[in-house]
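J.: Just passing along the structure, written as structure tokens.
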Amino acid sequence: MVMPDLAALVPVAAIEVPSFQAVPWGPLALTTGLCLAIAACIIATGWVQRTGVALGADEAGRWNLIFGVIGLVLLAGCVTRVPWVVPAVAPCLAVAGMLFIRAKDAGLPEGRRVLAKGGLRNLAAELRPHVAPWTKGAADRGPPRSLKEQVTDLIGGWRRRLTGTTTKTQSGKRQGKAVASAEAFSFLKKDGTVVMTISPGGKSETRVSPHVLKAQQLLQSIIRANAATLSFEPADNRYDVKAHARGSDKSLEKIGSDEARGVMATLKVMADMAGTDADTSRQGTFGVLLRGVRYQIDVESTGPATAERMLLRLKRADAAQHQRGLESLGFRPKVLAQLREAVSRPYGMLLVVGPSGTGRTTTLYAALRELDARKRKIMTVESPVQQPLDDIVQIEVDLAGGATVASVLQMVMRKDPDVVMVGDLDDRKTCEIAMQAALTGHFVFATFEARDTIDALTRLLDLGVEPMLVQTAVTAILAQRLARRLCPKCKVPCEPPEALVRKFNLKPGAIKHIYKEKGCDACGQTGFHGVVPVHELLVMNDQIRKLITAKPSARDLKAAAVLSGTLTMQIDGLTKVVHGDTTVNEILRVTG
Ligand SMILES: [Zn+2]
């Protein structure tokens with residue numbers, strides 16, 4: 001077959017092929033081009049990294065890799081001056097950018113999408129912290145990073161992606177930075193007094209040495225990785241820093257001997273080990289506080305000063321308290337049985353309500369621990385993750401980075417978990433996604449801000465959630481409060497007040513006495529020590545479901561709830577008063 005001669009069909013002069021040979025690649029143009037390409041890469045990868053969080057870690061990682069590789073090819077093309085690289089890669093970049101924006105948009109509310117009305121403005125707002133980190137809009141997005149930091153991070157990131165090593169220094173630094181941007185970190189003495197607090201962004205009230213910051217960054221990363229130990233081991237003129245977590249040893253990074261000695265000296269000061277014998281084994285303890293959780297860190301150092309080894313063992317200072325199941329949370333036996341029955345169902349929803357700070361999350365975590373995480377796929381959506389749970393995928397919502405609880409929850413539901421926990425249902429959209437999930441074969445645990453169980457129902461309806469959804473999705477609602485527990489060492493008996501006797505319909509003399517607070521050294525003269533939870537559990541039944549359709553009044557709902565055996569928090573609290581756990585005033589204070 002003879003190919004037709006192209007030149008014969010089309011006049012040659014009509015085809016204009018852009019020739020890159022013709023571009024004047026003088027030294028100035030080359031430098032400018034390179035600088036622009038590097039700047040574009042830094043901006044693009046930074047933007048993908050920050051905004052991609054809404055897509056979940058796996059997918060965000062894939063996008064980062066795609067943009068990283070494109071950027072690398074582009075740079076290589078500029079440096080080697082291969083003429084086809086720029087025209088070939090530019091369309092790839094545009095297509096990848098569009099696909100990334102489309103994927104990201106799917107999880108965002110209408111007003112924040114790029115491919116929607118006002119989209120360019122949204123895009124500009126997303127890009128601003130990367131293009132002009134010094135502007136106002138960028139200020140609340142974590143500490144600005146210097147160009148040098150960004151370039152080294154970028155190179156480190158690419159090296160990591162290309163070589164597949166995931167735990168080199170750069171990732172450690174980046175992780176430390178990301179963590180530091182969200183939470184304060186305190187070093188504590190063994191007895192719990194705060195030595196130093198490093199606020200988000202690595203700032204402290206006083207000047208902090210780089211060794212302290214390094215120690216903070218390492219401790220924060222092992223806490224985050226749920227690791228049990230951190231070790232410093234000398235290895236040819238350097239130190240290998242390793243984390244050990246559930247059967248796996250992971251080298252975090254290798255640091256220079258001087259830096260390692262500085263960090264170890266800092267840790268020894270924290271643990272009150274400084275000045276002890278150099279050649280023997282030394283031990284000490286200090287603590288850290290992160291996200292309101294206290295960790296105890298036991299330090300052990302061995303070997304001579306020139307080749308010192310150090311092992312840090314980390315444990316939650318209040319581990320026993322936080323590993324508890326539902327049975328240890330002070331439920332009445334009947335409520336506990338009802339609650340267990342509710343959460344063992346294959347689908348439905350348990351709402352835990354109350355103001356924040358009333359132990360809602362502790363209850364939800366305890367409920368999650370009752371489930372077998374190896375048999376059921378359990379995921380959580382939290383902001384922030386309050387404590388690590390074994391075998392459960394916990395996803396933190398990066399609110400500052402533009403993600404919303406609703407968008408992350410939607411992403412999580414695509415992974416089809418059996419059980420999902422949502423930190424807070426605070427808007428209609430989140431409620432509806434969670435309730436749809438509860439209707440389609442998932443069990444949903446969630447917290448919701450409401451005074452009590454009835455208030456939760458009316459608030460859901462007031463938010464505009466379809467009554468049909470509330471009716472069918474919600475299995476049970478648990479309201480709770482924390483009352484102060486009477487100090488067992490100093491509580492004193494007293495006459496039960498008339499009102500209490502009447503409320504319980506008691507025969508005079510049935511309760512000989514209740515207790516009131518006094519104060520002693522053990523309780524800091526307050527008379528109270530610890531807390532007693534007070535509960536109210538409403539299990540949905542036909543009667544209440546029927547009421548929900550017909551715009552119910554709180555009074556009707558309450559009547560139906562009481563009829564079905566729900567005891568109010570006040571009654572539950574008064575039973576605890578009768579048991580001598582707390583006082584009448586305390587119950588009135590928390591339930592009033
Ligand atoms: Zn006391």
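Residue names in the structure tokens use chain letters A, B, ... in the order shown, residue numbers from 1 in each chain, and ligand numbers from 1 in the order shown.
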With only C-alpha atoms and all ligand atoms counted, collect every polymer residue having an atom within 6 Å of ligand 1; state the result as a tab-separated table (two decimals) with C-alpha atoms, in the first residue's frame.

T.:
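As a result, result-v4.tsv now contains:
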chain	number	residue	atom	x	y	z
A	487	CYS	CA	-14.64	11.76	98.31
A	489	LYS	CA	-12.44	9.42	102.71
A	490	CYS	CA	-14.38	12.35	104.11
A	519	GLY	CA	-13.20	18.05	102.55
A	520	CYS	CA	-9.88	16.50	103.47
A	522	ALA	CA	-7.01	13.52	99.87
A	523	CYS	CA	-9.52	15.60	97.91
A	527	GLY	CA	-15.10	17.00	99.31

J.: Using only C-alpha atoms, what table do you get, as CSV, when you list each residue of range 249-356 of chain A with an atom no more than 10 Å from range 432-449 of chain A, its nearest pair of atoms, and their distance in Å rounded to one decimal, rows by chain then rising number?

T.:
residue,atom,partner,partner_atom,distance
A:Ala342,CA,A:Phe443,CA,9.9
A:Val343,CA,A:Phe443,CA,7.7
A:Ser344,CA,A:Phe443,CA,8.9
A:Arg345,CA,A:Phe443,CA,7.4
A:Pro346,CA,A:Phe443,CA,6.1
A:Tyr347,CA,A:Phe443,CA,4.2
A:Gly348,CA,A:Ala438,CA,4.6
A:Met349,CA,A:Val444,CA,4.6
A:Leu350,CA,A:Phe445,CA,5.0
A:Leu351,CA,A:Ala446,CA,5.0
A:Val352,CA,A:Thr447,CA,4.7
A:Val353,CA,A:Phe448,CA,4.9
A:Gly354,CA,A:Glu449,CA,5.5
A:Pro355,CA,A:Glu449,CA,5.7
A:Ser356,CA,A:Glu449,CA,7.3

J.: Include N, CA and C atoms and write out the residues we just selected as a CSV table (one decimal), in the first residue's frame.

T.:
chain,number,residue,atom,x,y,z
A,342,ALA,N,-28.8,-2.8,72.0
A,342,ALA,CA,-29.0,-1.8,70.9
A,342,ALA,C,-27.7,-1.8,70.0
A,343,VAL,N,-26.5,-1.8,70.6
A,343,VAL,CA,-25.3,-1.7,69.8
A,343,VAL,C,-24.9,-3.0,69.1
A,344,SER,N,-25.6,-4.1,69.5
A,344,SER,CA,-25.2,-5.4,68.9
A,344,SER,C,-26.0,-5.6,67.6
A,345,ARG,N,-26.9,-4.7,67.3
A,345,ARG,CA,-27.7,-4.9,66.0
A,345,ARG,C,-26.8,-4.6,64.8
A,346,PRO,N,-27.1,-5.2,63.7
A,346,PRO,CA,-26.3,-5.1,62.5
A,346,PRO,C,-26.4,-3.7,61.9
A,347,TYR,N,-27.5,-3.0,62.1
A,347,TYR,CA,-27.6,-1.7,61.6
A,347,TYR,C,-28.5,-0.8,62.5
A,348,GLY,N,-28.4,0.5,62.3
A,348,GLY,CA,-29.1,1.4,63.2
A,348,GLY,C,-28.2,2.5,63.7
A,349,MET,N,-28.6,3.2,64.7
A,349,MET,CA,-27.8,4.4,65.1
A,349,MET,C,-28.0,4.6,66.6
A,350,LEU,N,-26.8,4.8,67.3
A,350,LEU,CA,-26.8,5.2,68.7
A,350,LEU,C,-26.3,6.6,68.8
A,351,LEU,N,-27.2,7.5,69.3
A,351,LEU,CA,-26.7,8.9,69.5
A,351,LEU,C,-26.4,9.0,71.0
A,352,VAL,N,-25.2,9.6,71.3
A,352,VAL,CA,-24.9,9.9,72.6
A,352,VAL,C,-24.9,11.5,72.7
A,353,VAL,N,-25.8,12.0,73.6
A,353,VAL,CA,-26.0,13.4,73.6
A,353,VAL,C,-25.7,14.0,75.0
A,354,GLY,N,-25.4,15.3,75.0
A,354,GLY,CA,-25.1,16.0,76.2
A,354,GLY,C,-24.2,17.1,75.8
A,355,PRO,N,-23.9,18.1,76.6
A,355,PRO,CA,-23.0,19.2,76.3
A,355,PRO,C,-21.6,18.6,76.1
A,356,SER,N,-20.6,19.3,75.5
A,356,SER,CA,-19.3,18.7,75.3
A,356,SER,C,-18.7,18.7,76.7

J.: Any idea what's packed within 10 Å of range 566-579 of chain A, counting only C-alpha atoms, ignoring anything in its chain fewer than 6 positions away? Could you give it as a PyMOL selection string?

T.: chain A and resi 330-332+335+452-453+478-483+485-486+496+500+503-504+511-516+532-539+558-560+585-588+590-592

J.: Please measure the separation of CA of Val195 in chain A and CA of Val208 in chain A, giving the value in Å to one decimal.

T.: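 One can read the CA of Val195 in chain A to CA of Val208 in chain A distance as 12.0 Å.
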
J.: DSSP on the backbone: which residues in range 202-355 of chain A end up as helix (DSSP H, G or I)? Give the answer as a ChimeraX atom specification.

T.: /A:210-224,257-270,305-307,319-322,326-328,333-343

J.: Counting only C-alpha atoms, which residue out of A:Gln220, A:Thr430, A:Ser186, A:Gln338 sits closest to Met413 in chain A?

T.: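 Between A:Gln220, A:Thr430, A:Ser186, A:Gln338, the residue approaching Met413 in chain A most closely is A:Thr430.
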
J.: Can you list, as a PyMOL selection string, every protein, DNA or RNA residue that comes within 10 Å of Ser257 in chain A when you count only C-alpha atoms, leaving out same-chain residues fewer than 2 positions away?

T.: chain A and resi 234-240+254-255+259-263+306-307

J.: Pick out the closest residue to Thr32 in chain A from this set: A:Met411, A:Cys78, A:Glu59, A:Val86. Count only C-alpha atoms.

T.: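 Using only C-alpha atoms, the shortest distance to Thr32 in chain A belongs to A:Cys78.
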